[in-house]
Every structure is written in C-alpha cells, then in structure tokens.
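S.K.: My structure file final_23.tsv, TSV, C-alpha atoms, is below:
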chain	number	residue	atom	x	y	z
A	1	MET	CA	0.00	0.00	0.00
A	2	ASN	CA	1.17	3.53	-0.72
A	3	VAL	CA	1.16	5.83	2.28
A	4	VAL	CA	2.53	9.18	3.32
A	5	LEU	CA	3.87	9.45	6.84
A	6	HIS	CA	4.69	12.89	8.21
A	7	VAL	CA	7.49	12.16	10.65
A	8	ASN	CA	9.20	14.92	12.62
A	9	GLY	CA	7.97	17.45	10.09
A	10	VAL	CA	9.11	15.56	6.99
A	11	ALA	CA	6.73	13.81	4.59
A	12	HIS	CA	7.78	10.30	3.55
A	13	ALA	CA	6.01	8.57	0.66
A	14	LEU	CA	6.36	4.83	1.24
A	15	GLU	CA	5.11	1.58	-0.17
A	16	LEU	CA	4.38	-0.69	2.79
A	17	GLU	CA	3.13	-4.17	3.36
A	18	PRO	CA	-0.13	-3.83	5.28
A	19	ARG	CA	1.23	-6.00	8.10
A	20	ARG	CA	4.41	-3.95	8.68
A	21	LEU	CA	4.47	-2.41	12.15
A	22	LEU	CA	4.91	1.33	12.54
A	23	SER	CA	7.88	0.71	14.86
A	24	ASP	CA	9.59	-1.28	12.10
A	25	VAL	CA	8.81	1.38	9.50
A	26	LEU	CA	10.32	4.08	11.71
A	27	ARG	CA	13.41	2.10	12.65
A	28	HIS	CA	14.19	0.14	9.51
A	29	ASP	CA	12.64	2.04	6.62
A	30	LEU	CA	13.28	5.58	7.88
A	31	GLY	CA	16.37	4.91	10.02
A	32	LEU	CA	14.88	6.57	13.11
A	33	THR	CA	16.32	4.19	15.66
A	34	GLY	CA	15.52	6.36	18.69
A	35	THR	CA	12.16	4.62	18.92
A	36	HIS	CA	12.98	1.47	20.86
A	37	VAL	CA	11.18	-1.84	20.70
A	38	GLY	CA	11.02	-3.74	23.96
A	39	CYS	CA	8.19	-6.13	24.66
A	40	GLU	CA	6.39	-5.90	21.28
A	41	HIS	CA	3.09	-6.23	23.18
A	42	GLY	CA	2.47	-2.57	24.05
A	43	VAL	CA	3.22	-3.08	27.73
A	44	CYS	CA	6.64	-1.45	28.24
A	45	GLY	CA	6.11	1.80	26.34
A	46	CYS	CA	9.62	1.97	24.83
A	47	CYS	CA	8.15	2.40	21.36
A	48	THR	CA	5.90	5.35	22.26
A	49	VAL	CA	5.65	8.09	19.65
A	50	LEU	CA	3.23	10.98	19.31
A	51	LEU	CA	0.57	10.35	16.69
A	52	ASP	CA	-1.32	13.54	15.94
A	53	GLY	CA	-0.11	14.85	19.30
A	54	GLU	CA	-1.14	11.86	21.42
A	55	PRO	CA	1.10	9.09	22.77
A	56	ALA	CA	0.76	5.85	20.79
A	57	ARG	CA	2.53	2.51	20.92
A	58	SER	CA	4.21	2.11	17.55
A	59	CYS	CA	4.63	-1.65	18.08
A	60	LEU	CA	0.85	-2.06	18.19
A	61	MET	CA	0.10	-0.14	14.99
A	62	PHE	CA	0.58	-0.96	11.39
A	63	GLY	CA	2.42	1.65	9.38
A	64	VAL	CA	-0.53	1.93	6.99
A	65	GLN	CA	-2.75	3.00	9.90
A	66	ALA	CA	-0.62	6.13	10.27
A	67	ASP	CA	-1.16	7.23	6.66
A	68	GLY	CA	-1.46	11.01	6.64
A	69	ALA	CA	-0.85	11.35	10.39
A	70	GLU	CA	1.67	13.63	12.06
A	71	ILE	CA	4.19	11.44	13.87
A	72	ARG	CA	6.80	12.76	16.26
A	73	THR	CA	9.58	10.53	17.47
A	74	VAL	CA	12.34	11.09	20.00
A	75	ASP	CA	14.68	11.56	17.03
A	76	GLY	CA	12.90	14.85	16.34
A	77	LEU	CA	12.76	16.08	19.92
A	78	ALA	CA	15.91	18.23	19.89
A	79	ALA	CA	15.96	21.50	17.96
A	80	PRO	CA	17.22	21.36	14.35
A	81	ASP	CA	20.57	22.79	15.48
A	82	GLY	CA	20.95	19.92	17.96
A	83	THR	CA	20.01	21.88	21.08
A	84	PRO	CA	18.42	19.37	23.46
A	85	HIS	CA	14.76	19.75	24.35
A	86	PRO	CA	14.17	20.88	27.97
A	87	LEU	CA	12.95	17.36	28.77
A	88	GLN	CA	16.24	15.92	27.58
A	89	VAL	CA	18.16	18.43	29.68
A	90	ALA	CA	15.98	17.65	32.71
A	91	PHE	CA	16.43	13.89	32.35
A	92	ARG	CA	20.20	14.40	32.33
A	93	ARG	CA	20.20	16.84	35.27
A	94	HIS	CA	17.86	14.79	37.44
A	95	HIS	CA	19.22	11.34	36.61
A	96	GLY	CA	15.98	10.32	34.96
A	97	LEU	CA	17.73	7.57	33.04
A	98	GLN	CA	20.21	4.82	33.62
A	99	CYS	CA	20.41	2.28	30.83
A	100	GLY	CA	18.34	4.60	28.61
A	101	PHE	CA	16.28	1.93	26.92
A	102	CYS	CA	12.95	3.22	28.22
A	103	THR	CA	13.93	6.89	27.93
A	104	PRO	CA	12.52	7.55	24.42
A	105	GLY	CA	9.08	6.36	25.50
A	106	PHE	CA	9.20	8.41	28.71
A	107	LEU	CA	10.31	11.52	26.82
A	108	MET	CA	7.53	11.24	24.26
A	109	THR	CA	4.88	10.56	26.89
A	110	ALA	CA	6.18	13.38	29.09
A	111	LEU	CA	6.07	15.76	26.15
A	112	THR	CA	2.30	15.85	26.50
A	113	VAL	CA	2.29	16.74	30.23
A	114	TYR	CA	5.55	18.39	31.27
A	115	ARG	CA	4.23	21.95	31.19
A	116	GLU	CA	1.52	21.02	33.71
A	117	ALA	CA	3.77	18.74	35.80
A	118	GLU	CA	4.78	21.41	38.32
A	119	ARG	CA	1.14	21.69	39.39
A	120	MET	CA	0.50	17.94	39.43
A	121	SER	CA	0.76	15.78	42.52
A	122	ASP	CA	3.24	12.92	42.45
A	123	GLU	CA	0.31	10.55	42.10
A	124	GLU	CA	-1.13	12.46	39.14
A	125	LEU	CA	2.23	12.67	37.41
A	126	ARG	CA	2.96	9.00	37.99
A	127	GLU	CA	-0.48	8.21	36.59
A	128	ALA	CA	0.26	10.30	33.48
A	129	LEU	CA	3.52	8.39	32.98
A	130	GLY	CA	2.06	5.07	34.11
A	131	GLY	CA	2.15	3.35	30.73
A	132	GLN	CA	5.94	3.43	30.68
A	133	LEU	CA	8.08	0.81	32.40
A	134	CYS	CA	11.60	1.34	33.74
A	135	ARG	CA	13.57	-1.41	35.39
A	136	CYS	CA	16.53	0.76	36.46
A	137	THR	CA	15.60	4.06	38.06
A	138	GLY	CA	12.75	3.57	40.50
A	139	TYR	CA	11.00	6.51	38.77
A	140	VAL	CA	12.06	9.17	41.31
A	141	GLY	CA	14.49	10.88	38.92
A	142	ILE	CA	12.03	10.56	36.06
A	143	VAL	CA	9.25	12.29	38.00
A	144	GLU	CA	11.67	15.01	39.13
A	145	ALA	CA	12.91	15.49	35.57
A	146	VAL	CA	9.44	15.82	34.08
A	147	ARG	CA	8.49	18.27	36.80
A	148	ALA	CA	11.67	20.35	36.20
A	149	ALA	CA	11.48	20.53	32.40
A	150	ALA	CA	9.07	23.48	32.21
A	151	ALA	CA	11.34	25.54	34.47
A	152	ILE	CA	14.31	24.68	32.26
A	153	GLU	CA	12.26	25.76	29.25
A	154	ARG	CA	11.47	29.09	30.93
A	155	GLU	CA	15.17	29.61	31.80
A	156	ALA	CA	16.19	29.02	28.19
A	157	ALA	CA	13.58	31.46	26.91
A	158	ALA	CA	14.67	34.24	29.32
Translate the structure of the given file into structure tokens.
M.R.:
Amino acid sequence: MNVVLHVNGVAHALELEPRRLLSDVLRHDLGLTGTHVGCEHGVCGCCTVLLDGEPARSCLMFGVQADGAEIRTVDGLAAPDGTPHPLQVAFRRHHGLQCGFCTPGFLMTALTVYREAERMSDEELREALGGQLCRCTGYVGIVEAVRAAAAIEREAAA
C-alpha cells in the first residue's frame, strides 16, 4: 500500500506491506532508531511516539494506519541545530535515566504533560507516565525530571 507518513515534520512517501508495524517502519525504513522496541506487546512503552499529538505505541500499529498522520519521534525532539529539548536536559540533570532503553518512551509521553507537571501531585504525574516501564531508576528521577522541564524551558527562553 502507498502511504505518506509525516514524521518529525518531513513527509515520507512509502510503499508498505499492510502487516508492517509502525515501529519497524520508523526504525528500519526511515532509520529513526531512537524509537525502541522492547516487549512488542504494548506493555513497556519503549516504542511510544506521538501520533497527531497523542502518545501511541508504535509496536501495536501498522504503518498503513498512520497514513497522513503527524508522527513525532524522540529523534525529532531536539531543535534542528541539535540543542536538546528541555525534557532531555531535565532527564540528564535529574538522573531520569540509567540504561536509557525506556527513555525515548518516557520523553515522548512526558512531552504531552511536562508543562503542567509542576502543578501535578506525584500521584497524578505517575499516573500520566504510568504506561511506561523502567527497570533501572525507581521513577524518582524521572518524576523530578518531568516536573523540572518546564522551568528549564522558561530559563532558556529568558
């Protein structure tokens, strides 16, 4: 099937087998290897991307289902000049990662809530990030990083 995927602001016209997973299209066809594949059952969240602004598990979708959609991956999170996104800075400052395998999924999920995170309770923030699994950090640094990202963004803009 012929599809057009708009990934990180770039349109890609592709011919895909209907059964090809979006995660495989991103990683193997487009070379965007920042999207990780962990469990391949939608449980771990490592493959999370934003699909029309909402978190979606790319290992549970076929590439053809994303035809015409706006897809944002962790590969497109930094500015075009390479300046890290405030979430990336916060994860580094607050030790929100260890092995880094789950980090792309956390970053993409957090992208939808980080500006409100300062006003969220720990429980609310953990609920918002709840679809992501990390086996290394214990989540404390991740929660702190997501909460700090908006302040880092404000500092950079000042």
S.K.: Each residue of region 62-135 of chain A lying at most 10 Å from region 20-32 of chain A should get a row with its shortest atom-to-atom pair and the distance in Å to one decimal, counting only C-alpha atoms; could you produce that, ordered by chain and increasing number, as JSON lines?
M.R.:
{"residue": "A:Phe62", "atom": "CA", "partner": "A:Leu21", "partner_atom": "CA", "distance": 4.2}
{"residue": "A:Gly63", "atom": "CA", "partner": "A:Leu22", "partner_atom": "CA", "distance": 4.0}
{"residue": "A:Val64", "atom": "CA", "partner": "A:Leu22", "partner_atom": "CA", "distance": 7.8}
{"residue": "A:Gln65", "atom": "CA", "partner": "A:Leu22", "partner_atom": "CA", "distance": 8.3}
{"residue": "A:Ala66", "atom": "CA", "partner": "A:Leu22", "partner_atom": "CA", "distance": 7.7}
{"residue": "A:Ile71", "atom": "CA", "partner": "A:Leu26", "partner_atom": "CA", "distance": 9.8}
{"residue": "A:Thr73", "atom": "CA", "partner": "A:Leu32", "partner_atom": "CA", "distance": 7.9}
{"residue": "A:Val74", "atom": "CA", "partner": "A:Leu32", "partner_atom": "CA", "distance": 8.6}
{"residue": "A:Asp75", "atom": "CA", "partner": "A:Leu32", "partner_atom": "CA", "distance": 6.3}
{"residue": "A:Gly76", "atom": "CA", "partner": "A:Leu32", "partner_atom": "CA", "distance": 9.1}
S.K.: Next, dump the selected residues to file, keeping only C-alpha atoms, as a PDB file, in the coordinates of the input.
M.R.:
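After the write, result.pdb holds the following:
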ATOM      1  CA  PHE A  62       0.580  -0.960  11.390  1.00  0.00           C
ATOM      2  CA  GLY A  63       2.420   1.650   9.380  1.00  0.00           C
ATOM      3  CA  VAL A  64      -0.530   1.930   6.990  1.00  0.00           C
ATOM      4  CA  GLN A  65      -2.750   3.000   9.900  1.00  0.00           C
ATOM      5  CA  ALA A  66      -0.620   6.130  10.270  1.00  0.00           C
ATOM      6  CA  ILE A  71       4.190  11.440  13.870  1.00  0.00           C
ATOM      7  CA  THR A  73       9.580  10.530  17.470  1.00  0.00           C
ATOM      8  CA  VAL A  74      12.340  11.090  20.000  1.00  0.00           C
ATOM      9  CA  ASP A  75      14.680  11.560  17.030  1.00  0.00           C
ATOM     10  CA  GLY A  76      12.900  14.850  16.340  1.00  0.00           C
TER      11      GLY A  76
END
S.K.: Rounded to one decimal place, report the CA of Ile142 (chain A)-CA of Ala56 (chain A) distance in Å.
M.R.: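 Between these atoms lies a distance of 19.6 Å.
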S.K.: Skip region 100-106 of chain A itself and residues of its chain fewer than 6 positions away, then list as a VMD selection string all residues within 10 Å of it, counting only C-alpha atoms.
M.R.: chain A and resid 34 to 38 44 to 50 55 to 57 73 to 75 77 87 to 88 91 129 to 137 142 146
S.K.: For the atom pair CA of Glu116 (chain A) and CA of Val10 (chain A), what is the interatomic distance in Å to one decimal place?
M.R.: 28.3 Å
S.K.: Just the residues within 7 Å of Asp67 (chain A), please, counting all atoms listed in the file, with nothing from its chain fewer than 6 positions along; format it as a PyMOL selection string.
M.R.: chain A and resi 3-5
S.K.: Could you pull the residues within 12 Å of region 118-124 of chain A, counting only C-alpha atoms, minus those fewer than 4 positions along the same chain, as a PyMOL selection string?
M.R.: chain A and resi 113-114+128-130+139-152
S.K.: Looking at A:Pro80, A:Gly9, A:Gly42, A:Pro86, which one is nearest to Ala157 (chain A), with distances taken over all atoms listed in the file?
M.R.: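 Of all the options, A:Pro86 lies closest to Ala157 (chain A).
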S.K.: Report the distance between CA of Gly53 (chain A) and CA of Met1 (chain A) in Å, rounded to one decimal place.
M.R.: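 Computing the Euclidean distance for CA of Gly53 (chain A) and CA of Met1 (chain A) yields 24.4 Å.
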S.K.: Every residue with an atom at most 6 Å from (5.0, 1.6, -1.3) (file coordinates; all atoms listed in the file) is what I'm after, so could you write them as a PyMOL selection string?
M.R.: chain A and resi 1-2+14-16
S.K.: Keeping C-alpha atoms, export the residues of the selection given above as an mmCIF file, keeping the file's coordinate frame.
M.R.:
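To be explicit, this is the file written out as part.cif:
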data_model
loop_
_atom_site.group_PDB
_atom_site.id
_atom_site.type_symbol
_atom_site.label_atom_id
_atom_site.label_comp_id
_atom_site.auth_asym_id
_atom_site.auth_seq_id
_atom_site.Cartn_x
_atom_site.Cartn_y
_atom_site.Cartn_z
ATOM 1 C CA MET A 1 0.000 0.000 0.000
ATOM 2 C CA ASN A 2 1.170 3.530 -0.720
ATOM 3 C CA LEU A 14 6.360 4.830 1.240
ATOM 4 C CA GLU A 15 5.110 1.580 -0.170
ATOM 5 C CA LEU A 16 4.380 -0.690 2.790
#
S.K.: Looking at all atoms listed in the file, which of A:Cys99, A:Arg154, A:Thr109, A:Ala11 is the one that sits closest to Arg126 (chain A)?
M.R.: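 Using all atoms listed in the file, the shortest distance to Arg126 (chain A) belongs to A:Thr109.
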S.K.: From the options A:Thr112, A:Ser58, A:Asn8, A:Gln98, which residue's atoms come nearest to His41 (chain A), counting only C-alpha atoms?
M.R.: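 Smallest distance to His41 (chain A) is found for A:Ser58.
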S.K.: Nearest to Val89 (chain A): which of A:Leu125, A:Ala69, A:Ala156, A:Val7 is it, counting all atoms listed in the file?
M.R.: A:Ala156
